[in-house]
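**Q** The file below is my_file.cif, mmCIF, C-alpha atoms (C1' of nucleotides):
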```cif
data_work
loop_
_atom_site.label_atom_id
_atom_site.label_comp_id
_atom_site.auth_asym_id
_atom_site.auth_seq_id
_atom_site.Cartn_x
_atom_site.Cartn_y
_atom_site.Cartn_z
CA MET A 1289 33.57 27.59 -10.32
CA ARG A 1290 32.01 26.61 -7.00
CA ILE A 1291 28.77 28.10 -5.75
CA ALA A 1292 27.16 27.24 -2.44
CA THR A 1293 24.11 27.92 -0.33
CA TRP A 1294 23.93 28.04 3.45
CA ASN A 1295 21.29 29.03 5.96
CA ILE A 1296 23.76 30.59 8.41
CA ASN A 1297 21.22 31.43 11.17
CA SER A 1298 22.72 34.83 12.07
CA ILE A 1299 25.74 36.09 10.16
CA ARG A 1300 26.87 38.14 13.16
CA ALA A 1301 27.03 35.03 15.35
CA ARG A 1302 28.89 33.04 12.69
CA VAL A 1303 30.87 35.33 10.40
CA ASP A 1304 34.14 33.55 11.24
CA ARG A 1305 32.62 30.19 10.32
CA ALA A 1306 31.28 31.63 7.07
CA VAL A 1307 34.62 33.10 5.95
CA ASP A 1308 36.52 29.99 7.10
CA PHE A 1309 34.12 27.91 5.02
CA LEU A 1310 34.63 30.06 1.91
CA GLU A 1311 38.38 29.63 2.14
CA ARG A 1312 38.43 25.97 3.21
CA ALA A 1313 35.91 24.87 0.57
CA ASP A 1314 37.34 27.23 -2.09
CA VAL A 1315 33.88 28.66 -2.81
CA ASP A 1316 33.49 31.50 -5.35
CA VAL A 1317 29.87 32.46 -4.67
CA LEU A 1318 27.92 31.87 -1.46
CA ALA A 1319 24.17 32.44 -1.03
CA LEU A 1320 23.35 33.02 2.64
CA GLN A 1321 19.95 32.86 4.36
CA GLU A 1322 18.76 33.95 7.79
CA THR A 1323 21.45 36.55 8.16
CA LYS A 1324 19.17 38.13 10.80
CA CYS A 1325 20.39 41.71 10.41
CA LYS A 1326 20.05 44.95 8.47
CA PRO A 1327 22.75 45.85 5.95
CA GLU A 1328 24.21 48.43 8.34
CA GLN A 1329 24.75 45.63 10.86
CA PHE A 1330 26.25 43.15 8.38
CA PRO A 1331 29.91 42.21 9.02
CA PHE A 1332 31.21 43.07 5.53
CA ALA A 1333 34.86 43.59 6.54
CA PRO A 1334 35.87 39.93 7.10
CA PHE A 1335 34.42 39.01 3.69
CA GLU A 1336 36.19 41.89 1.97
CA ALA A 1337 39.48 40.97 3.65
CA ALA A 1338 39.07 37.48 2.19
CA GLY A 1339 38.45 38.91 -1.29
CA TYR A 1340 34.64 38.73 -1.49
CA GLU A 1341 32.09 41.40 -2.36
CA VAL A 1342 28.81 41.08 -0.49
CA ALA A 1343 25.25 42.18 -1.25
CA ALA A 1344 22.98 41.99 1.79
CA TRP A 1345 19.28 42.62 2.31
CA GLY A 1346 17.62 42.62 5.71
CA LEU A 1347 14.82 44.63 7.32
CA ASN A 1348 15.09 43.55 10.96
CA GLN A 1349 16.26 40.65 13.13
CA TRP A 1350 14.26 38.09 11.18
CA ASN A 1351 14.99 36.49 7.78
CA GLY A 1352 17.69 38.33 5.80
CA VAL A 1353 19.55 37.12 2.70
CA ALA A 1354 22.97 37.87 1.23
CA ILE A 1355 25.30 36.86 -1.59
CA ALA A 1356 29.10 36.86 -1.29
CA SER A 1357 31.15 36.61 -4.48
CA ARG A 1358 34.77 36.80 -5.58
CA VAL A 1359 33.85 36.53 -9.30
CA GLY A 1360 31.73 39.67 -9.65
CA LEU A 1361 28.43 40.83 -8.20
CA GLU A 1362 26.21 42.77 -10.61
CA ASP A 1363 22.56 43.65 -11.07
CA VAL A 1364 21.59 43.01 -7.44
CA ARG A 1365 17.83 42.50 -7.00
CA GLU A 1366 16.03 42.68 -3.66
CA GLY A 1367 13.07 40.34 -3.99
CA PHE A 1368 11.40 39.00 -7.12
CA THR A 1369 8.48 40.34 -9.16
CA ALA A 1370 5.19 40.11 -7.25
CA GLN A 1371 6.91 38.60 -4.20
CA PRO A 1372 4.03 38.34 -1.72
CA ALA A 1373 3.99 40.37 1.47
CA PHE A 1374 3.17 39.05 4.93
CA GLY A 1375 2.19 40.63 8.21
CA LYS A 1376 0.65 39.03 11.27
CA THR A 1377 -0.35 42.48 12.51
CA GLY A 1378 -0.39 45.81 10.74
CA ASP A 1379 0.54 46.34 7.11
CA PRO A 1380 1.97 43.37 5.23
CA VAL A 1381 5.68 43.66 4.38
CA VAL A 1382 7.69 42.17 1.53
CA GLU A 1383 10.16 40.27 3.68
CA ALA A 1384 13.91 39.93 3.02
CA ARG A 1385 13.72 36.38 1.70
CA ALA A 1386 15.06 36.59 -1.87
CA LEU A 1387 18.16 38.28 -3.23
CA GLY A 1388 19.41 37.94 -6.80
CA ALA A 1389 22.73 38.94 -8.37
CA ARG A 1390 24.69 38.10 -11.49
CA CYS A 1391 28.02 36.47 -10.66
CA ALA A 1392 30.29 35.50 -13.58
CA GLY A 1393 27.30 35.13 -15.89
CA VAL A 1394 25.18 33.14 -13.44
CA ASP A 1395 21.99 34.63 -11.98
CA VAL A 1396 22.32 33.48 -8.39
CA TRP A 1397 19.27 33.69 -6.11
CA SER A 1398 19.55 33.30 -2.35
CA LEU A 1399 16.11 32.12 -1.19
CA TYR A 1400 14.61 31.73 2.26
CA VAL A 1401 11.20 30.20 1.64
CA PRO A 1402 8.62 30.95 4.37
CA HIS A 1403 8.37 28.22 7.01
CA GLY A 1404 4.57 27.87 7.02
CA ARG A 1405 4.34 27.25 10.80
CA ALA A 1406 1.18 25.05 10.64
CA LEU A 1407 -1.25 23.88 7.96
CA ASP A 1408 -4.02 26.14 9.31
CA ASP A 1409 -1.74 29.16 9.84
CA PRO A 1410 -1.85 32.13 7.42
CA HIS A 1411 1.90 31.64 7.07
CA TYR A 1412 1.23 28.37 5.25
CA ALA A 1413 -0.94 30.03 2.56
CA TYR A 1414 1.76 32.70 2.31
CA LYS A 1415 4.38 29.99 1.75
CA LEU A 1416 2.41 28.43 -1.10
CA GLU A 1417 1.74 31.79 -2.75
CA TRP A 1418 5.39 32.77 -2.33
CA LEU A 1419 6.54 29.62 -4.13
CA GLU A 1420 3.97 30.06 -6.90
CA LYS A 1421 4.98 33.67 -7.56
CA LEU A 1422 8.65 32.68 -7.57
CA ARG A 1423 7.88 29.92 -10.07
CA LEU A 1424 6.10 32.37 -12.36
CA ASP A 1425 9.17 34.61 -12.32
CA ALA A 1426 11.52 31.68 -12.87
CA VAL A 1427 9.46 30.58 -15.87
CA GLY A 1428 9.50 34.13 -17.21
CA TRP A 1429 13.29 34.37 -17.08
CA LEU A 1430 13.59 31.30 -19.29
CA GLU A 1431 10.96 32.64 -21.69
CA VAL A 1432 13.01 35.82 -22.12
CA ASP A 1433 16.24 33.84 -22.53
CA PRO A 1434 16.09 30.03 -22.71
CA THR A 1435 19.89 29.94 -22.32
CA ALA A 1436 19.87 31.95 -19.06
CA GLN A 1437 22.02 30.47 -16.32
CA VAL A 1438 19.87 30.69 -13.21
CA ALA A 1439 20.57 29.11 -9.81
CA LEU A 1440 17.72 29.03 -7.28
CA LEU A 1441 19.60 28.28 -4.08
CA GLY A 1442 18.43 28.17 -0.53
CA ASP A 1443 16.37 26.91 2.34
CA TRP A 1444 13.14 25.76 0.68
CA ASN A 1445 11.50 24.59 3.92
CA VAL A 1446 10.02 21.62 2.04
CA ALA A 1447 10.97 17.96 2.42
CA PRO A 1448 10.07 16.59 -1.04
CA PHE A 1449 10.29 12.89 -0.14
CA ASP A 1450 9.22 10.94 2.92
CA THR A 1451 12.86 9.89 3.28
CA ASP A 1452 13.85 13.54 3.64
CA VAL A 1453 12.58 13.48 7.24
CA TRP A 1454 13.84 11.13 9.91
CA ASP A 1455 10.38 9.82 10.83
CA MET A 1456 7.26 10.53 8.80
CA ALA A 1457 5.08 9.68 11.80
CA VAL A 1458 6.42 12.78 13.54
CA PHE A 1459 5.42 14.93 10.53
CA GLU A 1460 1.86 13.71 10.15
CA GLY A 1461 -0.27 16.83 9.74
CA GLN A 1462 2.77 19.12 9.85
CA THR A 1463 4.25 21.55 7.37
CA HIS A 1464 7.22 20.69 5.10
CA VAL A 1465 5.72 17.36 3.95
CA SER A 1466 2.19 18.29 2.82
CA ALA A 1467 1.11 17.51 -0.73
CA PRO A 1468 0.59 21.19 -1.71
CA GLU A 1469 4.07 22.13 -0.50
CA ARG A 1470 5.63 19.24 -2.36
CA ALA A 1471 3.66 20.10 -5.51
CA ALA A 1472 4.82 23.72 -5.25
CA PHE A 1473 8.41 22.55 -4.88
CA ASN A 1474 8.16 20.09 -7.78
CA SER A 1475 6.56 22.69 -10.06
CA PHE A 1476 10.03 24.16 -10.63
CA ALA A 1477 11.03 20.89 -12.28
CA ASP A 1478 7.98 21.13 -14.54
CA ALA A 1479 9.24 24.61 -15.47
CA GLY A 1480 12.52 23.18 -16.78
CA TYR A 1481 14.69 23.54 -13.70
CA THR A 1482 16.63 20.61 -12.24
CA GLU A 1483 17.19 20.10 -8.53
CA VAL A 1484 20.81 19.12 -8.92
CA SER A 1485 21.52 18.17 -5.31
CA ARG A 1486 19.08 15.27 -5.71
CA GLN A 1487 20.47 14.44 -9.13
CA PHE A 1488 24.00 14.12 -7.78
CA ILE A 1489 23.12 12.89 -4.27
CA PRO A 1490 20.09 10.58 -4.66
CA ASP A 1491 20.96 8.70 -1.46
CA GLU A 1492 18.48 8.63 1.38
CA ARG A 1493 19.41 10.10 4.76
CA ARG A 1494 21.59 12.85 3.32
CA TYR A 1495 20.27 15.68 5.42
CA THR A 1496 20.92 19.43 5.53
CA TYR A 1497 19.16 20.59 8.73
CA TRP A 1498 19.37 19.41 12.30
CA ASP A 1499 17.13 21.39 14.66
CA TYR A 1500 18.86 22.58 17.83
CA GLN A 1501 15.98 21.29 19.91
CA GLN A 1502 15.85 17.87 21.54
CA LEU A 1503 19.48 16.98 20.75
CA ARG A 1504 18.55 16.27 17.18
CA PHE A 1505 22.08 16.30 15.80
CA PRO A 1506 23.42 13.49 18.03
CA LYS A 1507 20.15 11.60 17.54
CA ASN A 1508 20.23 12.25 13.78
CA GLU A 1509 16.66 13.58 13.78
CA VAL A 1510 16.92 15.66 10.67
CA LEU A 1511 15.52 17.09 7.45
CA ARG A 1512 16.67 17.60 3.89
CA ILE A 1513 15.27 21.01 2.97
CA ASP A 1514 18.15 22.96 1.39
CA PHE A 1515 18.19 22.61 -2.39
CA ALA A 1516 19.57 24.00 -5.63
CA TYR A 1517 17.45 24.26 -8.76
CA THR A 1518 19.37 25.14 -11.92
CA SER A 1519 18.14 26.26 -15.34
CA PRO A 1520 18.81 23.95 -18.32
CA VAL A 1521 22.07 25.50 -19.51
CA LEU A 1522 23.41 25.81 -15.97
CA THR A 1523 22.37 22.23 -15.19
CA GLY A 1524 24.63 21.18 -18.05
CA ARG A 1525 27.57 22.81 -16.27
CA VAL A 1526 27.10 21.10 -12.91
CA THR A 1527 29.75 18.43 -12.35
CA GLY A 1528 29.13 17.62 -8.70
CA VAL A 1529 27.26 18.49 -5.50
CA THR A 1530 28.45 18.23 -1.90
CA ILE A 1531 26.53 18.46 1.37
CA ASP A 1532 29.05 19.65 3.96
CA ARG A 1533 27.80 17.76 7.02
CA ASP A 1534 30.92 18.61 9.00
CA GLU A 1535 29.68 22.20 9.31
CA ARG A 1536 27.01 21.01 11.77
CA LYS A 1537 29.74 19.93 14.19
CA GLY A 1538 31.40 21.82 16.99
CA LYS A 1539 30.48 24.77 19.14
CA GLY A 1540 28.59 27.56 17.44
CA ALA A 1541 27.37 25.62 14.39
CA SER A 1542 24.37 26.75 12.36
CA ASP A 1543 21.46 24.32 12.39
CA HIS A 1544 21.86 24.01 8.57
CA VAL A 1545 24.88 22.86 6.58
CA PRO A 1546 26.10 24.19 3.21
CA VAL A 1547 25.23 22.62 -0.14
CA ILE A 1548 28.02 23.15 -2.70
CA LEU A 1549 27.77 23.00 -6.52
CA ASP A 1550 30.76 22.46 -8.77
CA LEU A 1551 30.42 24.04 -12.23
CA ALA A 1552 32.49 23.36 -15.31
CA ASP A 1553 34.13 26.47 -16.78
"C1'" DA B 117 20.43 11.86 34.13
"C1'" DT B 118 13.80 9.80 31.43
"C1'" DG B 119 16.30 15.89 30.22
"C1'" DG B 120 18.41 18.00 26.74
"C1'" DT B 121 18.46 24.69 21.72
"C1'" DC B 122 19.42 28.89 19.68
"C1'" DG B 123 19.52 33.94 18.27
"C1'" DA B 124 17.60 38.40 18.38
"C1'" DC B 125 15.62 44.87 18.93
"C1'" DG B 126 14.90 39.01 24.27
"C1'" DC B 127 10.33 39.23 30.87
"C1'" DT B 128 8.98 36.41 23.85
"C1'" DC B 129 9.05 35.07 19.36
"C1'" DG B 130 10.39 32.38 15.46
"C1'" DA B 131 12.56 28.31 13.95
#
```
Written as structure tokens, that's how I'd like the structure from this file.
**A**
Amino acid sequence: MRIATWNINSIRARVDRAVDFLERADVDVLALQETKCKPEQFPFAPFEAAGYEVAAWGLNQWNGVAIASRVGLEDVREGFTAQPAFGKTGDPVVEARALGARCAGVDVWSLYVPHGRALDDPHYAYKLEWLEKLRLDAVGWLEVDPTAQVALLGDWNVAPFDTDVWDMAVFEGQTHVSAPERAAFNSFADAGYTEVSRQFIPDERRYTYWDYQQLRFPKNEVLRIDFAYTSPVLTGRVTGVTIDRDERKGKGASDHVPVILDLAD
DNA sequence: ATGGTCGACGCTCGA
């Protein structure tokens, strides 16, 4: 089985790329982030024509997560327990940043971790709380069933190592590289999860995100921020991980590329 | 040529 994660940066702008990718890469389950639409706007038909069921959650033009599967899609969960809310003005809202579903016995989570914006921005505290609450849930699932097969897939908006950014000098005092963010990210490993993309691709300069600004793709000014944590039993099934850099090429590319996990049957 | 991006509910916001 192959499962993948991809921050698609608008599913409506890139549905053809998404379905082409599923077929070309022979992917069974795809976790999508930044779909940027409500379910009633989601282009389900091309996925269904290709043989995939889709669960989608979105509240407005921001955020949005979805899971496409051709191996079953059960027990869909919008958000996790105690997922924090955020609102710059007005009442805080639980944003569409986490969607879970069971696909062929694997609890797949599509995660779009808050960006943080700046170290002194309320969004940064929100990001840290969001990760902590997710960790508590992830720990709880393994307490209930230590053999649970859980995949925490998505855009984590954290660069865990200095070599995950093209130039640390540029990131001095910025989000994505701060010690609290890195500690929050690493706490999932303390909880028994393994970040398998690093395990299988330990090489430096294997990036997943090239900002559109400042010609960062041709200049290779990039980040590694898309990751896949797997629970112990699922980690034992992972036979390989691929970062599909080619998906950043050409007209109409997302600014992120897919990360693909191969699982033994 | 010393700049240069996208996507969305877009005269602006978020990444």
**Q** Identify, on the basis of only C-alpha atoms (C1' of nucleotides), every residue whose closest approach to A:Gly1339 does not exceed 7 Å; exclude the query and any residue fewer than 3 positions from it along the same chain; express the result as an NGL selection string.
**A** :A and (1335-1336 or 1358)
**Q** Taking the file as shown, what set of residues would the PyMOL selection byres ((chain B and resi 120) around 10) give back, as a list in words?
**A** Gln1501, Gln1502, Leu1503 and Arg1504 of chain A; DA117, DG119 and DT121 of chain B
**Q** Under the PyMOL selection byres ((chain A) within 8 of (chain B)), which residues of this model are included? Write them out as number ranges by chain.
**A** A: 1297-1298, 1324, 1349-1350, 1499-1503
**Q** The PyMOL selection byres ((chain A and resi 1510-1516) around 10) on the file shown: which residues, as a ChimeraX atom specification?
**A** /A:1292-1295,1397-1400,1439-1455,1464,1481-1486,1492-1499,1504-1505,1507-1509,1517-1518,1529,1531,1543-1549
**Q** What does the distance between atom CA of A:Asp1433 and atom CA of A:Asn1474 come to in Å, to one decimal place?
**A**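 Distance between the two atoms: 21.7 Å.
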**Q** List the neighbours of A:Leu1430 out to 12 Å using only C-alpha atoms (C1' of nucleotides); skip same-chain residues closer than 3 positions along the sequence, and give me the result as a list in words.
**A** Asp1395, Arg1423, Leu1424, Asp1425, Ala1426, Val1427, Asp1433, Pro1434, Thr1435, Ala1436, Gln1437, Val1438, Ala1439, Phe1476, Ala1479, Gly1480, Tyr1481, Thr1518, Ser1519, Pro1520, Val1521 and Leu1522 of chain A
**Q** Contacts of A:Ala1344 at 12 Å or less, counting only C-alpha atoms (C1' of nucleotides), minus same-chain residues fewer than 3 places along, as a ChimeraX atom specification?
**A** /A:1299,1318-1332,1335,1341,1347,1351-1357,1361,1364-1367,1384-1389,1398
**Q** At what distance in Å, to one decimal, does atom CA of A:Met1289 lie from atom CA of A:Lys1539?
**A**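 Separation between atom CA of A:Lys1539 and atom CA of A:Met1289: 29.8 Å.
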**Q** Rounded to one decimal in Å, what is the spacing between atom CA of A:Lys1376 and atom CA of A:Ser1475?
**A**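 Distance between the two atoms: 27.5 Å.
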**Q** Could you pull the residues within 12 Å of A:Val1359, counting all atoms listed in the file, minus those fewer than 6 positions along the same chain, as a list in words?
**A**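 Near A:Val1359, the qualifying residues are Met1289, Arg1290, Ile1291, Val1315, Asp1316, Val1317, Leu1318, Gly1339, Tyr1340, Glu1341, Val1342, Ala1389, Arg1390, Cys1391, Ala1392, Gly1393, Val1394 and Val1396 of chain A.
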**Q** Starting from 4 Å padding per side, set up an axis-aligned box that covers all listed atoms of stretch 1410-1420 of chain A and hand over centre and edge lengths in Å, one decimal, as lines of an AutoDock Vina configuration file.
**A**
```
center_x = 2.3
center_y = 30.6
center_z = 0.3
size_x = 16.4
size_y = 12.4
size_z = 22.3
```
**Q** With all atoms listed in the file as the basis for distance, which of A:Gly1540, A:Pro1490, A:Gly1528, A:Pro1410 is at the shortest distance from A:Ala1306?
**A**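 Checking each candidate against A:Ala1306, we get A:Gly1540 as the closest.
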**Q** Would you mind listing what lies within 8 Å of A:Arg1405 as a list in words, with all atoms listed in the file counted and same-chain residues fewer than 5 positions away left out?
**A** His1411, Tyr1412 and Thr1463 of chain A
